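final.csv (CSV, C-alpha atoms)
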chain,number,residue,atom,x,y,z
H,218,MET,CA,43.6,-63.2,-37.8
H,219,TRP,CA,44.5,-66.4,-36.0
H,220,ASP,CA,44.8,-67.9,-32.6
H,221,ASP,CA,45.1,-71.7,-32.1
H,222,ALA,CA,42.6,-71.4,-29.2
H,223,VAL,CA,39.8,-70.8,-31.7
H,224,THR,CA,39.7,-74.6,-32.1
H,225,GLY,CA,38.3,-74.6,-28.6
H,226,TYR,CA,35.0,-73.7,-30.2
H,227,ASP,CA,33.9,-77.4,-30.1
H,228,PHE,CA,30.4,-78.7,-29.8
H,229,GLY,CA,31.6,-82.3,-29.6
H,230,SER,CA,32.6,-85.2,-31.9
H,231,SER,CA,29.1,-85.8,-33.2
H,232,HIS,CA,28.4,-82.2,-34.2
H,233,PRO,CA,28.9,-81.2,-37.9
H,234,MET,CA,30.8,-78.1,-37.0
H,235,ASP,CA,34.1,-79.9,-36.4
H,236,PRO,CA,36.9,-77.5,-35.4
H,237,VAL,CA,39.3,-79.5,-37.4
H,238,ARG,CA,38.1,-77.5,-40.4
H,239,LEU,CA,39.8,-74.4,-38.8
H,240,SER,CA,43.1,-76.1,-38.0
H,241,LEU,CA,43.3,-77.8,-41.5
H,242,THR,CA,42.6,-74.4,-43.1
H,243,MET,CA,45.4,-72.8,-41.2
H,244,GLY,CA,47.6,-75.8,-42.1
H,245,LEU,CA,46.9,-75.3,-45.8
H,246,VAL,CA,47.5,-71.5,-45.5
H,247,ARG,CA,50.9,-72.4,-44.0
H,248,ALA,CA,51.6,-75.1,-46.6
H,249,TYR,CA,51.2,-72.5,-49.3
H,250,GLY,CA,53.5,-70.0,-47.5
H,251,LEU,CA,50.6,-67.5,-47.1
H,252,ASP,CA,51.6,-67.0,-43.5
H,253,ARG,CA,54.8,-65.4,-44.8
H,254,ALA,CA,53.0,-63.4,-47.6
H,255,VAL,CA,50.6,-61.8,-45.2
H,256,GLU,CA,50.8,-60.7,-41.5
H,257,VAL,CA,49.3,-63.2,-39.1
H,258,ARG,CA,48.1,-61.6,-35.9
H,259,ALA,CA,45.9,-62.4,-32.9
H,260,ALA,CA,43.6,-60.2,-30.9
H,261,PRO,CA,42.2,-60.2,-27.4
H,262,ALA,CA,38.9,-61.8,-26.8
H,263,ALA,CA,35.9,-59.5,-27.0
H,264,GLY,CA,35.0,-58.0,-23.6
H,265,ASP,CA,31.6,-57.3,-22.3
H,266,SER,CA,31.5,-53.7,-23.5
H,267,THR,CA,32.3,-54.9,-27.0
H,268,LEU,CA,29.8,-57.9,-26.9
H,269,ARG,CA,27.1,-55.4,-25.8
H,270,LEU,CA,27.4,-53.6,-29.1
H,271,VAL,CA,25.1,-56.4,-30.3
H,272,HIS,CA,24.3,-58.8,-27.5
H,273,HIS,CA,22.2,-58.3,-24.3
H,274,GLN,CA,24.2,-58.4,-21.1
H,275,GLU,CA,21.9,-61.0,-19.6
H,276,TYR,CA,22.7,-63.3,-22.5
H,277,VAL,CA,26.4,-62.9,-22.1
H,278,ASP,CA,26.0,-63.7,-18.4
H,279,ALA,CA,24.1,-66.8,-19.4
H,280,VAL,CA,26.8,-68.0,-21.8
H,281,ARG,CA,29.4,-67.4,-19.0
H,282,ARG,CA,27.4,-69.6,-16.6
H,283,VAL,CA,27.0,-72.4,-19.0
H,284,SER,CA,30.7,-72.1,-20.0
H,285,LEU,CA,31.6,-72.7,-16.4
H,286,ASP,CA,29.1,-75.6,-15.9
H,287,PRO,CA,27.7,-77.1,-19.1
H,288,ARG,CA,25.3,-79.1,-17.0
H,289,ALA,CA,23.5,-75.9,-16.1
H,290,ALA,CA,22.2,-75.5,-19.6
H,291,ASP,CA,18.5,-75.9,-19.9
H,292,GLY,CA,17.7,-74.6,-23.4
H,293,SER,CA,17.3,-71.0,-22.1
H,294,TYR,CA,18.9,-68.5,-24.4
H,295,GLY,CA,19.3,-71.2,-27.0
H,296,LEU,CA,22.1,-72.9,-25.1
H,297,GLY,CA,22.3,-76.6,-24.5
H,298,THR,CA,20.3,-77.5,-27.7
H,299,MET,CA,21.1,-80.0,-30.4
H,300,ASP,CA,22.4,-77.1,-32.6
H,301,ASP,CA,24.3,-75.4,-29.8
H,302,PRO,CA,25.3,-77.9,-27.2
H,303,ALA,CA,26.9,-76.6,-24.0
H,304,PHE,CA,30.6,-77.1,-23.6
H,305,ALA,CA,33.2,-76.0,-21.1
H,306,GLY,CA,34.9,-72.8,-22.2
H,307,MET,CA,32.1,-71.8,-24.5
H,308,HIS,CA,32.3,-68.1,-23.6
H,309,GLU,CA,36.1,-67.9,-23.9
H,310,ALA,CA,36.2,-69.5,-27.3
H,311,SER,CA,33.2,-67.6,-28.7
H,312,ALA,CA,34.5,-64.3,-27.3
H,313,LEU,CA,37.9,-65.0,-28.9
H,314,ILE,CA,36.4,-65.5,-32.3
H,315,ALA,CA,34.5,-62.3,-31.9
H,316,GLY,CA,37.6,-60.5,-30.8
H,317,LEU,CA,39.4,-61.6,-33.9
H,318,SER,CA,36.7,-60.2,-36.2
H,319,VAL,CA,36.5,-57.0,-34.2
H,320,GLY,CA,40.3,-56.7,-34.3
H,321,ALA,CA,40.1,-57.2,-38.1
H,322,ALA,CA,37.6,-54.4,-38.4
H,323,GLU,CA,39.8,-52.1,-36.2
H,324,ALA,CA,42.9,-52.8,-38.3
H,325,VAL,CA,41.0,-52.1,-41.5
H,326,TRP,CA,39.3,-48.9,-40.3
H,327,ASP,CA,42.6,-47.5,-38.8
H,328,GLY,CA,44.3,-48.0,-42.1
H,329,GLU,CA,46.9,-50.5,-40.8
H,330,VAL,CA,45.8,-52.8,-43.6
H,331,ALA,CA,43.4,-52.6,-46.5
H,332,HIS,CA,42.0,-56.2,-46.0
H,333,ALA,CA,41.7,-58.6,-43.1
H,334,VAL,CA,40.5,-62.2,-42.9
H,335,ASN,CA,39.1,-64.1,-39.9
H,336,PHE,CA,38.0,-67.5,-41.4
H,337,ALA,CA,37.1,-68.7,-37.9
H,338,GLY,CA,34.4,-66.1,-37.8
H,339,GLY,CA,31.2,-65.5,-39.8
H,340,LEU,CA,28.9,-66.9,-37.0
H,341,HIS,CA,26.0,-65.0,-38.4
H,342,HIS,CA,23.0,-66.7,-36.8
H,343,ALA,CA,23.5,-65.6,-33.2
H,344,MET,CA,20.8,-63.2,-32.0
H,345,PRO,CA,21.2,-60.3,-29.6
H,346,GLY,CA,19.7,-62.5,-26.8
H,347,SER,CA,20.2,-66.1,-27.9
H,348,ALA,CA,22.4,-68.6,-29.6
H,349,SER,CA,21.2,-70.1,-32.9
H,350,GLY,CA,22.4,-72.3,-35.7
H,351,PHE,CA,25.9,-73.3,-34.3
H,352,CYS,CA,26.5,-69.6,-33.4
H,353,ILE,CA,27.0,-68.2,-29.9
H,354,TYR,CA,28.3,-64.7,-30.4
H,355,ASN,CA,27.7,-62.9,-33.7
H,356,ASP,CA,31.2,-61.8,-34.6
H,357,ALA,CA,30.0,-60.6,-38.1
H,358,ALA,CA,27.5,-58.2,-36.5
H,359,LEU,CA,30.1,-57.2,-33.9
H,360,ALA,CA,32.6,-56.3,-36.6
H,361,VAL,CA,30.0,-54.1,-38.3
H,362,ALA,CA,29.0,-52.5,-35.0
H,363,ARG,CA,32.6,-51.8,-34.1
H,364,LEU,CA,33.1,-50.0,-37.5
H,365,LEU,CA,30.0,-47.9,-36.7
H,366,GLU,CA,31.4,-47.1,-33.3
H,367,LEU,CA,34.7,-46.0,-34.8
H,368,GLY,CA,32.9,-43.5,-37.0
H,369,ALA,CA,31.8,-45.3,-40.2
H,370,GLU,CA,28.6,-43.9,-41.6
H,371,ARG,CA,28.0,-46.6,-44.2
H,372,VAL,CA,29.0,-50.2,-43.9
H,373,ALA,CA,28.0,-52.9,-46.4
H,374,TYR,CA,27.6,-56.6,-45.3
H,375,ILE,CA,27.5,-59.3,-48.0
H,376,ASP,CA,26.7,-62.9,-46.9
H,377,VAL,CA,27.1,-65.8,-49.4
H,378,ASP,CA,26.7,-68.6,-46.9
H,379,VAL,CA,24.0,-71.1,-48.0
H,380,HIS,CA,22.0,-70.1,-44.9
H,381,HIS,CA,20.4,-66.7,-44.5
H,382,GLY,CA,22.4,-64.2,-42.5
H,383,ASP,CA,19.5,-63.7,-40.1
H,384,GLY,CA,21.4,-62.6,-37.0
H,385,VAL,CA,23.2,-59.7,-38.8
H,386,GLN,CA,20.0,-58.6,-40.5
H,387,THR,CA,18.2,-58.6,-37.2
H,388,ALA,CA,21.0,-56.5,-35.5
H,389,PHE,CA,20.7,-53.7,-38.1
H,390,TRP,CA,17.1,-54.1,-39.3
H,391,GLU,CA,16.3,-50.4,-38.6
H,392,ASP,CA,19.8,-48.9,-39.2
H,393,PRO,CA,20.1,-47.1,-42.5
H,394,ARG,CA,23.9,-47.0,-42.0
H,395,VAL,CA,24.2,-50.7,-42.7
H,396,LEU,CA,23.3,-52.4,-45.9
H,397,THR,CA,22.9,-56.2,-45.4
H,398,ILE,CA,22.9,-58.4,-48.5
H,399,SER,CA,22.3,-62.2,-48.2
H,400,LEU,CA,22.3,-64.8,-51.0
H,401,HIS,CA,21.1,-68.1,-49.6
H,402,GLU,CA,19.1,-71.2,-50.3
H,403,HIS,CA,15.4,-70.5,-50.3
H,404,PRO,CA,13.8,-70.4,-46.9
H,405,ARG,CA,11.2,-73.0,-48.0
H,406,THR,CA,13.9,-75.7,-48.0
H,407,LEU,CA,16.5,-74.6,-45.5
H,408,PHE,CA,17.2,-73.3,-42.0
H,409,PRO,CA,16.5,-70.6,-40.7
H,410,GLN,CA,13.4,-70.3,-42.9
H,411,THR,CA,14.0,-66.5,-43.2
H,412,GLY,CA,15.5,-64.4,-45.9
H,413,TRP,CA,12.5,-63.8,-48.1
H,414,PRO,CA,12.8,-61.0,-50.7
H,415,GLU,CA,10.1,-59.1,-48.9
H,416,GLU,CA,12.4,-58.7,-45.9
H,417,THR,CA,13.8,-55.3,-46.7
H,418,GLY,CA,14.4,-53.6,-43.3
H,419,GLY,CA,12.2,-51.6,-41.0
H,420,GLY,CA,11.7,-48.0,-39.9
H,421,ALA,CA,14.6,-45.7,-40.9
H,422,GLY,CA,16.3,-48.8,-42.3
H,423,ALA,CA,13.6,-49.6,-45.0
H,424,GLY,CA,15.5,-50.7,-48.0
H,425,SER,CA,18.7,-51.6,-46.1
H,426,ALA,CA,18.1,-55.4,-46.0
H,427,VAL,CA,18.4,-57.3,-49.3
H,428,ASN,CA,17.7,-61.0,-49.6
H,429,VAL,CA,18.2,-63.3,-52.7
H,430,ALA,CA,16.4,-66.6,-52.0
H,431,LEU,CA,18.0,-69.2,-54.4
H,432,PRO,CA,16.2,-72.3,-55.5
H,433,ALA,CA,17.6,-75.6,-54.2
H,434,GLY,CA,19.9,-77.1,-56.8
H,435,THR,CA,21.3,-73.7,-58.0
H,436,GLY,CA,24.7,-74.2,-59.5
H,437,ASP,CA,27.7,-72.1,-60.5
H,438,GLU,CA,26.1,-70.1,-63.4
H,439,GLY,CA,22.9,-69.3,-61.4
H,440,TRP,CA,24.7,-68.5,-58.2
H,441,LEU,CA,27.1,-66.1,-60.0
H,442,ARG,CA,24.3,-64.6,-62.0
H,443,ALA,CA,22.4,-63.8,-58.8
H,444,PHE,CA,25.4,-62.3,-57.2
H,445,HIS,CA,26.2,-60.0,-60.1
H,446,SER,CA,22.6,-59.1,-60.8
H,447,VAL,CA,22.2,-57.6,-57.3
H,448,VAL,CA,25.4,-56.8,-55.4
H,449,PRO,CA,27.5,-54.5,-57.7
H,450,GLU,CA,24.6,-52.2,-58.4
H,451,LEU,CA,23.7,-51.8,-54.7
H,452,LEU,CA,27.3,-51.2,-53.7
H,453,ALA,CA,27.8,-48.6,-56.5
H,454,ASP,CA,24.8,-46.7,-55.1
H,455,PHE,CA,25.6,-47.2,-51.4
H,456,ARG,CA,29.3,-46.4,-51.6
H,457,PRO,CA,30.2,-48.0,-48.3
H,458,GLU,CA,33.1,-46.8,-46.2
H,459,ALA,CA,33.9,-50.4,-45.2
H,460,LEU,CA,32.8,-53.8,-46.5
H,461,VAL,CA,32.3,-56.9,-44.4
H,462,THR,CA,31.8,-60.2,-46.2
H,463,GLN,CA,30.8,-63.7,-45.0
H,464,HIS,CA,32.1,-66.7,-47.0
H,465,GLY,CA,30.4,-69.8,-45.7
H,466,ALA,CA,31.6,-72.7,-47.8
H,467,ASP,CA,28.4,-74.7,-47.4
H,468,THR,CA,27.1,-73.6,-50.8
H,469,HIS,CA,29.3,-76.4,-52.2
H,470,PHE,CA,27.8,-79.4,-53.9
H,471,ASP,CA,29.5,-81.7,-51.4
H,472,ASP,CA,28.2,-80.0,-48.3
H,473,PRO,CA,26.0,-82.4,-46.3
H,474,LEU,CA,23.7,-79.9,-44.8
H,475,ALA,CA,22.3,-78.0,-47.8
H,476,HIS,CA,21.1,-78.3,-51.3
H,477,LEU,CA,23.0,-75.9,-53.6
H,478,ALA,CA,25.4,-77.2,-56.2
H,479,VAL,CA,28.2,-74.6,-56.2
H,480,SER,CA,31.8,-75.5,-57.0
H,481,LEU,CA,35.0,-74.4,-55.2
H,482,ASP,CA,35.8,-72.5,-58.4
H,483,ALA,CA,32.6,-70.4,-58.2
H,484,GLN,CA,33.3,-69.7,-54.5
H,485,ARG,CA,36.7,-68.5,-55.4
H,486,ALA,CA,35.2,-66.3,-58.2
H,487,VAL,CA,32.9,-64.6,-55.7
H,488,GLN,CA,35.8,-64.1,-53.3
H,489,ALA,CA,37.7,-62.4,-56.1
H,490,SER,CA,34.6,-60.3,-57.0
H,491,CYS,CA,34.3,-59.1,-53.4
H,492,HIS,CA,38.0,-58.1,-53.5
H,493,GLU,CA,37.4,-56.2,-56.7
H,494,LEU,CA,34.3,-54.5,-55.4
H,495,ALA,CA,36.1,-53.4,-52.3
H,496,HIS,CA,38.7,-51.6,-54.4
H,497,GLU,CA,36.1,-50.2,-56.7
H,498,TYR,CA,33.5,-48.9,-54.4
H,499,VAL,CA,34.9,-48.7,-50.8
H,500,ASP,CA,37.1,-45.9,-49.6
H,501,GLY,CA,40.6,-47.2,-49.1
H,502,GLY,CA,39.4,-50.7,-50.2
H,503,ARG,CA,38.5,-51.5,-46.5
H,504,TRP,CA,37.5,-55.1,-46.5
H,505,VAL,CA,36.9,-57.6,-43.7
H,506,ALA,CA,36.4,-61.2,-44.9
H,507,LEU,CA,35.0,-63.9,-42.6
H,508,GLY,CA,34.4,-67.6,-42.8
H,509,GLY,CA,31.1,-69.1,-41.8
H,510,GLY,CA,29.4,-72.5,-42.4
H,511,GLY,CA,30.9,-75.4,-44.2
H,512,TYR,CA,30.7,-79.0,-43.2
H,513,ALA,CA,32.8,-80.8,-45.9
H,514,VAL,CA,35.6,-80.2,-43.5
H,515,VAL,CA,38.4,-81.8,-45.5
H,516,ASP,CA,37.7,-81.5,-49.2
H,517,VAL,CA,36.0,-78.1,-49.3
H,518,VAL,CA,36.5,-75.7,-46.3
H,519,PRO,CA,40.3,-75.6,-46.2
H,520,ARG,CA,40.7,-75.1,-49.9
H,521,SER,CA,37.9,-72.4,-50.1
H,522,TRP,CA,39.2,-70.3,-47.2
H,523,THR,CA,42.9,-70.7,-48.2
H,524,HIS,CA,41.8,-69.1,-51.6
H,525,LEU,CA,40.1,-66.4,-49.6
H,526,VAL,CA,43.3,-65.6,-47.6
H,527,GLY,CA,45.4,-65.6,-50.8
H,528,ILE,CA,43.0,-63.3,-52.6
H,529,ALA,CA,42.7,-60.9,-49.7
H,530,GLY,CA,46.5,-60.9,-49.2
H,531,HIS,CA,47.2,-60.2,-52.9
H,532,ALA,CA,48.9,-63.6,-53.1
H,533,PRO,CA,46.3,-65.7,-54.9
H,534,VAL,CA,46.7,-69.5,-55.0
H,535,GLU,CA,46.5,-70.9,-58.5
H,536,PRO,CA,43.5,-73.2,-58.8
H,537,GLU,CA,45.5,-75.8,-60.8
H,538,SER,CA,48.2,-75.9,-58.2
H,539,VAL,CA,48.9,-79.3,-56.6
H,540,VAL,CA,48.0,-79.5,-52.9
H,541,PRO,CA,51.2,-79.9,-50.9
H,542,GLU,CA,51.9,-83.5,-49.8
H,543,ALA,CA,52.8,-82.4,-46.3
H,544,TRP,CA,49.3,-81.0,-45.8
H,545,LYS,CA,47.7,-84.1,-47.2
H,546,SER,CA,49.7,-86.1,-44.7
H,547,GLU,CA,48.4,-83.8,-41.9
H,548,VAL,CA,44.8,-84.4,-43.2
H,549,TYR,CA,45.3,-88.2,-43.0
H,550,ALA,CA,46.8,-88.1,-39.6
H,551,ARG,CA,44.0,-85.9,-38.2
H,552,THR,CA,41.0,-87.5,-40.0
H,553,ARG,CA,42.0,-90.7,-41.7
H,554,GLN,CA,40.7,-89.2,-44.9
H,555,LEU,CA,42.5,-88.6,-48.1
H,556,GLY,CA,42.9,-84.9,-48.9
H,557,PRO,CA,42.0,-83.3,-52.3
H,558,GLY,CA,44.7,-83.2,-55.0
H,559,ARG,CA,44.3,-79.7,-56.4
H,560,MET,CA,42.9,-76.3,-55.5
H,561,THR,CA,40.1,-76.6,-58.0
H,562,ASP,CA,37.0,-78.7,-58.8
H,563,GLY,CA,38.0,-78.4,-62.4
H,564,ARG,CA,35.2,-75.9,-63.3
H,565,THR,CA,35.5,-72.7,-65.3
H,566,PRO,CA,32.4,-70.7,-64.0
H,567,SER,CA,30.7,-68.2,-66.1
H,568,TRP,CA,27.4,-66.3,-66.0
H,569,GLN,CA,25.1,-64.0,-68.0
H,570,SER,CA,24.5,-60.5,-66.8
H,571,TRP,CA,21.0,-59.5,-65.6
H,572,GLU,CA,20.5,-57.4,-68.8
H,573,ASP,CA,21.1,-60.5,-70.9
H,574,GLY,CA,19.0,-63.6,-71.2
H,575,TYR,CA,16.2,-62.9,-68.7
H,576,ASP,CA,13.8,-65.9,-68.7
H,577,PRO,CA,10.5,-65.2,-66.9
H,578,ALA,CA,9.9,-68.9,-66.6
H,579,ASP,CA,13.2,-69.6,-64.9
H,580,ARG,CA,13.0,-70.0,-61.1
H,581,LEU,CA,16.4,-68.4,-60.5
H,582,ASP,CA,15.4,-65.4,-62.6
H,583,GLN,CA,12.1,-65.2,-60.7
H,584,SER,CA,14.1,-65.1,-57.5
H,585,ILE,CA,16.4,-62.3,-58.7
H,586,LEU,CA,13.5,-60.3,-60.0
H,587,ALA,CA,11.6,-60.7,-56.7
H,588,THR,CA,14.6,-59.2,-54.8
H,589,ARG,CA,15.1,-56.3,-57.2
H,590,LYS,CA,11.4,-55.4,-57.2
H,591,ALA,CA,11.2,-55.6,-53.4
H,592,VAL,CA,14.3,-53.5,-52.5
H,593,PHE,CA,15.6,-51.5,-55.5
H,594,PRO,CA,12.7,-48.9,-55.6
H,595,LEU,CA,13.2,-48.3,-51.9
H,596,ARG,CA,16.8,-47.3,-52.7
H,597,GLY,CA,15.8,-45.1,-55.7
H,598,LEU,CA,17.0,-47.7,-58.2
H,599,LEU,CA,15.2,-49.3,-61.1
H,600,ALA,CA,14.1,-52.9,-60.6
What's the structure tokens form of this structure?
Amino acid sequence: MWDDAVTGYDFGSSHPMDPVRLSLTMGLVRAYGLDRAVEVRAAPAAGDSTLRLVHHQEYVDAVRRVSLDPRAADGSYGLGTMDDPAFAGMHEASALIAGLSVGAAEAVWDGEVAHAVNFAGGLHHAMPGSASGFCIYNDAALAVARLLELGAERVAYIDVDVHHGDGVQTAFWEDPRVLTISLHEHPRTLFPQTGWPEETGGGAGAGSAVNVALPAGTGDEGWLRAFHSVVPELLADFRPEALVTQHGADTHFDDPLAHLAVSLDAQRAVQASCHELAHEYVDGGRWVALGGGGYAVVDVVPRSWTHLVGIAGHAPVEPESVVPEAWKSEVYARTRQLGPGRMTDGRTPSWQSWEDGYDPADRLDQSILATRKAVFPLRGLLA
């Protein structure tokens, strides 16, 4: 899913969420010829009836007002803050990104395609009635909500952004039809200070929220161990009819806003695992993959999400491949930075399964066990 206008989602030159990360990603997708290996399509911006699947109408109206006159922002509804500065066209750009994710969900549910990617999406912090954490409309939650509206009875959402997927969890806190799984840096050390293992859903949705809080400094082996110690078993039990995943690239060791130490190669490994899990546990392999955070906008984000497009499109990019010179020239022209040379960080990630090598003194294993003890019994599974 792509429309050049998504780069209008622009909080200003001093903001870490530089839209150049989107245009450089699409440029790298094209440089590898993936735009010819997969279908590239646009979708209309989400209208009010679609946005109301998650957001309150008064909030949508507030975004519209600020979009027309950024000077009108006063911090109400989380708009005009340091995280979410007001800018002209805010509503239009945000609704377009939401529309692309909803369009991806529709195409997957209708059987037009098995997989769809919107790397401009994954804005998982936006709440029903307010902006938060660089996110205006929660396209991830809207994609899930649209799948439910179309008739899905079980949708799984997996979020591997370094920040907790709090907005999506909030949207479906009491909905047993949606299983939300978030792996993120521990809330003690990172925004939004939520995502504790004890957060497991409420009411009829008890056991439908899963949170793995990773210690700062977690690297490839620990990150992959955590993923594989929780996600496959839950999906095997839940048997979703559609899978939505969020692939924030800010888990990377070069990301300036967080404290994990994950390589591009491990990010690629999780993308491949999500693809495999979709085919193994989801009817028809229905998979919607989204972007998310990521603030190393030249070295990390374009490579990570180009891998995601290739994997979802059954045209994976070889990690050892040399980055095309034409794209590196584009990078220098746009940013005055030198682009990376290859599609790898030179790592070969591996991990031990949960059944092997459990260490009760290890902080990572303590985090995994806390999650399993909190949520697995609620789902009738052994912790």
Neighbouring residues of Thr435 (chain H) were defined as those with any atom within 7 Å, considering all atoms listed in the file; residues of the same chain fewer than 5 positions away were excluded. Please report them as a ChimeraX atom specification. /H:440,477-478
Listing only residues of region 358-386 of chain H within 12 Å of region 333-354 of chain H, what is the closest atom pair and its distance in Å (to one decimal) for each, using only C-alpha atoms, sorted by chain and residue number ascending, as a Markdown table?
| residue | atom | partner | partner_atom | distance |
| --- | --- | --- | --- | --- |
| H:Ala358 | CA | H:His341 | CA | 7.2 |
| H:Leu359 | CA | H:Tyr354 | CA | 8.5 |
| H:Ala360 | CA | H:Gly339 | CA | 9.8 |
| H:Val361 | CA | H:Gly339 | CA | 11.6 |
| H:Tyr374 | CA | H:His341 | CA | 11.0 |
| H:Ile375 | CA | H:Gly339 | CA | 10.9 |
| H:Asp376 | CA | H:His341 | CA | 8.8 |
| H:Val377 | CA | H:Gly339 | CA | 10.4 |
| H:Asp378 | CA | H:Gly339 | CA | 9.0 |
| H:Val379 | CA | H:His341 | CA | 11.5 |
| H:His380 | CA | H:His342 | CA | 8.8 |
| H:His381 | CA | H:His342 | CA | 8.1 |
| H:Gly382 | CA | H:His341 | CA | 5.5 |
| H:Asp383 | CA | H:His342 | CA | 5.7 |
| H:Gly384 | CA | H:His342 | CA | 4.4 |
| H:Val385 | CA | H:His341 | CA | 6.0 |
| H:Gln386 | CA | H:His341 | CA | 9.0 |
Test item: residues at most 10 Å from Val255 (chain H), all atoms listed in the file, excluding those fewer than 4 positions along its chain, as a PyMOL selection string: chain H and resi 250-251+333+526-527+529-532
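Interatomic distance, CA of His232 (chain H) against CA of Tyr512 (chain H): 9.8 Å.
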Within 6 Å of region 551-558 of chain H, counting all atoms listed in the file, which residues show up once you throw out same-chain ones fewer than 2 positions away? Write them as a list in words, please. Asp516, Val539, Val540, Lys545, Val548 and Tyr549 of chain H
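In this structure, CA of Ala262 (chain H) sits 23.4 Å away from CA of Thr387 (chain H).
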